[in-house]
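Engineer: File name entry10.txt; file contents compact mmCIF, N, CA and C atoms; full text below.
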# COMPACT_ATOMS: atom_id res chain seq x y z
N LEU A 29 132.84 100.88 96.60
CA LEU A 29 132.79 99.71 95.74
C LEU A 29 133.95 99.72 94.75
N PRO A 30 134.40 98.56 94.34
CA PRO A 30 135.45 98.48 93.32
C PRO A 30 134.91 99.02 91.99
N ARG A 31 135.79 99.47 91.15
CA ARG A 31 135.41 100.00 89.85
C ARG A 31 135.78 99.00 88.77
N ALA A 32 134.99 99.01 87.68
CA ALA A 32 135.28 98.14 86.54
C ALA A 32 134.92 98.86 85.25
N LYS A 33 135.74 98.67 84.23
CA LYS A 33 135.47 99.31 82.95
C LYS A 33 134.18 98.81 82.32
N THR A 34 133.78 97.61 82.64
CA THR A 34 132.59 97.04 82.03
C THR A 34 131.35 97.19 82.90
N ALA A 35 131.45 97.94 83.98
CA ALA A 35 130.30 98.13 84.88
C ALA A 35 129.18 98.84 84.13
N GLN A 36 127.96 98.46 84.45
CA GLN A 36 126.78 99.07 83.84
C GLN A 36 125.80 99.44 84.94
N LEU A 37 125.07 100.52 84.70
CA LEU A 37 124.02 100.91 85.63
C LEU A 37 122.90 99.89 85.57
N GLN A 38 122.37 99.56 86.71
CA GLN A 38 121.23 98.65 86.75
C GLN A 38 119.97 99.39 86.34
N LYS A 39 119.19 98.78 85.48
CA LYS A 39 117.92 99.39 85.11
C LYS A 39 116.95 99.23 86.27
N SER A 40 115.88 100.00 86.21
CA SER A 40 114.88 99.91 87.26
C SER A 40 114.23 98.54 87.27
N GLN A 41 113.63 98.21 88.39
CA GLN A 41 112.92 96.95 88.52
C GLN A 41 111.77 96.91 87.52
N PRO A 42 111.52 95.77 86.90
CA PRO A 42 110.38 95.69 85.99
C PRO A 42 109.06 95.77 86.77
N ILE A 43 108.04 96.19 86.07
CA ILE A 43 106.68 96.24 86.62
C ILE A 43 105.95 95.03 86.06
N THR A 44 105.26 94.29 86.91
CA THR A 44 104.53 93.11 86.45
C THR A 44 103.03 93.39 86.49
N VAL A 45 102.40 93.25 85.33
CA VAL A 45 100.95 93.42 85.21
C VAL A 45 100.38 92.04 84.93
N SER A 46 99.49 91.58 85.81
CA SER A 46 98.97 90.22 85.70
C SER A 46 97.46 90.18 85.58
N LEU A 47 96.99 89.19 84.82
CA LEU A 47 95.56 88.86 84.73
C LEU A 47 95.43 87.41 85.19
N ASP A 48 94.64 87.19 86.27
CA ASP A 48 94.49 85.82 86.75
C ASP A 48 93.38 85.10 85.98
N SER A 49 93.10 83.87 86.35
CA SER A 49 92.12 83.06 85.63
C SER A 49 90.70 83.63 85.68
N GLN A 50 90.41 84.49 86.67
CA GLN A 50 89.10 85.14 86.74
C GLN A 50 89.12 86.50 86.02
N GLY A 51 90.26 86.87 85.45
CA GLY A 51 90.36 88.14 84.74
C GLY A 51 90.66 89.32 85.65
N LYS A 52 91.04 89.04 86.90
CA LYS A 52 91.37 90.13 87.83
C LYS A 52 92.76 90.66 87.52
N LEU A 53 92.86 91.99 87.49
CA LEU A 53 94.09 92.67 87.11
C LEU A 53 94.87 93.08 88.35
N THR A 54 96.19 92.87 88.31
CA THR A 54 97.06 93.36 89.39
C THR A 54 98.30 94.00 88.78
N ILE A 55 98.86 94.96 89.53
CA ILE A 55 100.14 95.57 89.19
C ILE A 55 101.07 95.28 90.35
N ASN A 56 102.13 94.54 90.09
CA ASN A 56 103.06 94.13 91.16
C ASN A 56 102.30 93.53 92.34
N SER A 57 101.37 92.66 92.03
CA SER A 57 100.55 91.92 93.01
C SER A 57 99.52 92.76 93.75
N GLN A 58 99.35 94.03 93.37
CA GLN A 58 98.36 94.89 94.01
C GLN A 58 97.14 95.02 93.08
N PRO A 59 95.91 94.87 93.62
CA PRO A 59 94.72 94.98 92.77
C PRO A 59 94.69 96.28 91.97
N ALA A 60 94.21 96.18 90.74
CA ALA A 60 94.15 97.35 89.86
C ALA A 60 92.93 97.25 88.96
N GLN A 61 92.58 98.37 88.35
CA GLN A 61 91.48 98.43 87.40
C GLN A 61 92.04 98.84 86.05
N LEU A 62 91.49 98.28 84.98
CA LEU A 62 91.96 98.60 83.64
C LEU A 62 91.91 100.10 83.36
N GLU A 63 90.88 100.76 83.85
CA GLU A 63 90.70 102.19 83.60
C GLU A 63 91.83 103.03 84.19
N GLN A 64 92.48 102.55 85.24
CA GLN A 64 93.57 103.28 85.88
C GLN A 64 94.95 102.72 85.56
N LEU A 65 95.01 101.67 84.74
CA LEU A 65 96.28 100.99 84.47
C LEU A 65 97.32 101.94 83.90
N LYS A 66 96.98 102.68 82.86
CA LYS A 66 97.93 103.58 82.22
C LYS A 66 98.47 104.61 83.22
N THR A 67 97.57 105.23 83.97
CA THR A 67 97.97 106.25 84.94
C THR A 67 98.88 105.66 86.02
N GLN A 68 98.52 104.50 86.54
CA GLN A 68 99.32 103.88 87.61
C GLN A 68 100.72 103.51 87.12
N VAL A 69 100.81 102.93 85.94
CA VAL A 69 102.12 102.54 85.41
C VAL A 69 102.95 103.79 85.09
N GLU A 70 102.32 104.83 84.58
CA GLU A 70 103.03 106.10 84.32
C GLU A 70 103.61 106.65 85.62
N GLU A 71 102.83 106.63 86.69
CA GLU A 71 103.30 107.13 87.98
C GLU A 71 104.45 106.28 88.51
N MET A 72 104.36 104.97 88.35
CA MET A 72 105.40 104.07 88.84
C MET A 72 106.71 104.22 88.06
N SER A 73 106.61 104.60 86.81
CA SER A 73 107.80 104.70 85.96
C SER A 73 108.32 106.13 85.85
N GLN A 74 107.65 107.07 86.50
CA GLN A 74 107.99 108.49 86.41
C GLN A 74 109.39 108.81 86.94
N SER A 75 109.81 108.12 87.97
CA SER A 75 111.11 108.40 88.57
C SER A 75 112.27 107.93 87.70
N ASP A 76 111.98 107.08 86.74
CA ASP A 76 113.02 106.56 85.87
C ASP A 76 112.94 107.27 84.52
N SER A 77 113.98 108.05 84.19
CA SER A 77 113.96 108.84 82.96
C SER A 77 114.13 107.97 81.71
N SER A 78 114.69 106.78 81.86
CA SER A 78 114.86 105.89 80.72
C SER A 78 113.63 104.98 80.61
N SER A 79 113.76 103.95 79.82
CA SER A 79 112.63 103.05 79.64
C SER A 79 112.46 102.13 80.85
N VAL A 80 111.25 101.62 80.98
CA VAL A 80 110.94 100.67 82.05
C VAL A 80 110.28 99.45 81.40
N THR A 81 110.67 98.27 81.86
CA THR A 81 110.09 97.04 81.33
C THR A 81 108.83 96.70 82.09
N VAL A 82 107.76 96.43 81.35
CA VAL A 82 106.51 95.98 81.95
C VAL A 82 106.25 94.56 81.43
N ILE A 83 106.18 93.63 82.37
CA ILE A 83 105.95 92.23 82.04
C ILE A 83 104.45 91.95 82.16
N VAL A 84 103.85 91.49 81.07
CA VAL A 84 102.43 91.12 81.07
C VAL A 84 102.36 89.62 81.31
N ASN A 85 101.66 89.25 82.37
CA ASN A 85 101.54 87.86 82.79
C ASN A 85 100.06 87.53 82.85
N ALA A 86 99.58 86.77 81.88
CA ALA A 86 98.15 86.44 81.82
C ALA A 86 97.95 84.93 81.87
N ASP A 87 96.98 84.51 82.67
CA ASP A 87 96.61 83.10 82.71
C ASP A 87 96.14 82.68 81.32
N LYS A 88 96.45 81.45 80.93
CA LYS A 88 96.09 81.02 79.57
C LYS A 88 94.59 80.93 79.34
N THR A 89 93.80 80.94 80.42
CA THR A 89 92.34 80.86 80.25
C THR A 89 91.68 82.24 80.11
N VAL A 90 92.45 83.31 80.27
CA VAL A 90 91.91 84.67 80.15
C VAL A 90 91.55 84.94 78.70
N GLU A 91 90.42 85.61 78.49
CA GLU A 91 89.99 85.95 77.14
C GLU A 91 91.04 86.81 76.44
N HIS A 92 91.27 86.51 75.19
CA HIS A 92 92.26 87.23 74.38
C HIS A 92 92.00 88.73 74.40
N GLY A 93 90.74 89.13 74.35
CA GLY A 93 90.37 90.54 74.33
C GLY A 93 90.84 91.29 75.56
N GLN A 94 90.81 90.65 76.71
CA GLN A 94 91.28 91.29 77.94
C GLN A 94 92.77 91.56 77.88
N VAL A 95 93.52 90.62 77.36
CA VAL A 95 94.97 90.80 77.24
C VAL A 95 95.27 91.92 76.25
N VAL A 96 94.54 91.98 75.15
CA VAL A 96 94.72 93.04 74.16
C VAL A 96 94.42 94.40 74.79
N ASP A 97 93.37 94.48 75.61
CA ASP A 97 93.03 95.75 76.29
C ASP A 97 94.17 96.21 77.19
N VAL A 98 94.77 95.29 77.93
CA VAL A 98 95.88 95.62 78.82
C VAL A 98 97.07 96.11 78.01
N ILE A 99 97.43 95.37 76.96
CA ILE A 99 98.58 95.75 76.13
C ILE A 99 98.33 97.09 75.46
N ASP A 100 97.11 97.33 75.03
CA ASP A 100 96.77 98.61 74.38
C ASP A 100 97.01 99.78 75.34
N GLN A 101 96.61 99.62 76.59
CA GLN A 101 96.83 100.68 77.59
C GLN A 101 98.33 100.92 77.79
N LEU A 102 99.09 99.86 77.88
CA LEU A 102 100.52 99.97 78.16
C LEU A 102 101.30 100.55 76.98
N ARG A 103 100.86 100.26 75.77
CA ARG A 103 101.57 100.76 74.58
C ARG A 103 101.41 102.27 74.42
N GLN A 104 100.50 102.88 75.15
CA GLN A 104 100.31 104.32 75.09
C GLN A 104 101.33 105.09 75.94
N ILE A 105 102.15 104.36 76.68
CA ILE A 105 103.15 104.98 77.55
C ILE A 105 104.50 104.89 76.83
N PRO A 106 105.05 106.04 76.41
CA PRO A 106 106.26 106.03 75.58
C PRO A 106 107.46 105.30 76.17
N GLN A 107 107.71 105.40 77.46
CA GLN A 107 108.92 104.81 78.03
C GLN A 107 108.79 103.33 78.38
N VAL A 108 107.62 102.73 78.10
CA VAL A 108 107.39 101.33 78.45
C VAL A 108 107.89 100.39 77.34
N GLN A 109 108.65 99.38 77.77
CA GLN A 109 109.02 98.28 76.89
C GLN A 109 108.26 97.06 77.40
N LEU A 110 107.46 96.47 76.52
CA LEU A 110 106.62 95.34 76.92
C LEU A 110 107.36 94.01 76.80
N ALA A 111 107.05 93.13 77.73
CA ALA A 111 107.53 91.75 77.69
C ALA A 111 106.34 90.86 78.06
N ILE A 112 106.24 89.72 77.43
CA ILE A 112 105.16 88.78 77.71
C ILE A 112 105.75 87.60 78.47
N ALA A 113 105.18 87.32 79.64
CA ALA A 113 105.65 86.18 80.43
C ALA A 113 105.08 84.89 79.84
N ALA A 114 105.92 83.88 79.77
CA ALA A 114 105.47 82.58 79.26
C ALA A 114 106.31 81.49 79.92
N LYS A 115 105.72 80.31 80.01
CA LYS A 115 106.46 79.15 80.50
C LYS A 115 106.96 78.38 79.30
N LYS A 116 108.13 77.82 79.43
CA LYS A 116 108.71 77.03 78.36
C LYS A 116 107.94 75.73 78.22
N LYS A 117 107.63 75.37 76.96
CA LYS A 117 106.92 74.10 76.74
C LYS A 117 107.83 72.93 77.08
N GLN A 118 107.25 71.91 77.63
CA GLN A 118 108.02 70.71 78.03
C GLN A 118 108.30 69.84 76.84
Starting from the file, give its structure as structure tokens.
Structural biologist:
Amino acid sequence: LPRAKTAQLQKSQPITVSLDSQGKLTINSQPAQLEQLKTQVEEMSQSDSSSVTVIVNADKTVEHGQVVDVIDQLRQIPQVQLAIAAKKKQ
């Protein structure tokens, strides 16, 4: 590949944690349980020594408490940087 002074290493792919309108949890579109969320995300981010972005994507009808529970689990992982998915208002 050609070289460039401004080249940067690509960060790892983000992990997407979603809650659908029924409150079902998925990690990268795979079914998951809240009790295993922290462990699963830790395992997925283990190969990356730097930080990993985790995008939380929750349906607007999901109870606020469920979203808080998910974020609480993710904030316990030191290398995780959280991002909240949202659609731009029209």
Engineer: Considering only N, CA and C atoms, state which residue in the set A:Val108, A:Ala113, A:Leu53, A:Ile43 is at the smallest distance from A:Ser79.
Structural biologist: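 Nearest to A:Ser79: A:Val108.
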Engineer: Which residue gives the smallest distance to A:Gln107 among A:Lys88, A:Thr67, A:Ser73, A:Leu47, with all atoms listed in the file counted?
Structural biologist: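 Smallest distance to A:Gln107 is found for A:Ser73.
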Engineer: If DSSP is run on the backbone, what residues of chain A are alpha helix (DSSP H)? A reply as a list in words would be ideal.
Structural biologist: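 Filtering chain A down to alpha helix (DSSP H) leaves Leu62, Glu63, Gln64, Leu65, Lys66, Thr67, Gln68, Val69, Glu70, Glu71, Met72, Ser73, His92, Gly93, Gln94, Val95, Val96, Asp97, Val98, Ile99, Asp100, Gln101, Leu102 and Arg103 of chain A.
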Engineer: For a test of reading the model, state the distance in Å between atom CA of A:Gln109 and atom C of A:Asn85, rounded to one decimal.
Structural biologist: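 These atoms are spaced 15.2 Å apart.
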Engineer: Quick check, in Å to one decimal: how far apart do atom CA of A:Ile105 and atom N of A:Val90 lie?
Structural biologist: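 Atom N of A:Val90 lies 24.3 Å from atom CA of A:Ile105.
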Engineer: Just the number, please: distance in Å from atom C of A:Val80 to atom N of A:Pro42, one decimal.
Structural biologist: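 So the answer is 6.7 Å.
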Engineer: Could you check which of A:Gln74, A:Ser40, A:Lys66, A:Ile83 is closest to A:Gln101, using all atoms listed in the file?
Structural biologist: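 The closest residue to A:Gln101 is A:Lys66.
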Engineer: Could you tell me which of A:Asn56, A:Lys117, A:Glu71, A:Thr81 comes closest to A:Gln41 if we count all atoms listed in the file?
Structural biologist: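 For A:Gln41, the nearest of the candidates is A:Thr81.
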Engineer: I need the strand (DSSP E or B) residues of chain A per DSSP on the backbone, written as a list in words.
Structural biologist: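 Selecting the strand (DSSP E or B) positions of chain A gives Ile43, Thr44, Val45, Ser46, Leu47, Leu53, Thr54, Ile55, Gln58, Pro59, Ala60, Val80, Thr81, Val82, Ile83, Val84, Asn85, Ala86, Val108, Gln109, Leu110, Ala111 and Ile112 of chain A.
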Engineer: Tell me which protein, DNA and RNA residues are within 10 Å of A:Ile112, counting only C-alpha atoms, leaving out same-chain ones fewer than 5 positions away, and put them as a ChimeraX atom specification.
Structural biologist: /A:44-45,82-86,99
Engineer: So, counting all atoms listed in the file, which residue among A:Val69, A:Asp87, A:Ala114, A:Ser46 is closest to A:Leu102?
Structural biologist: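 Nearest to A:Leu102: A:Val69.
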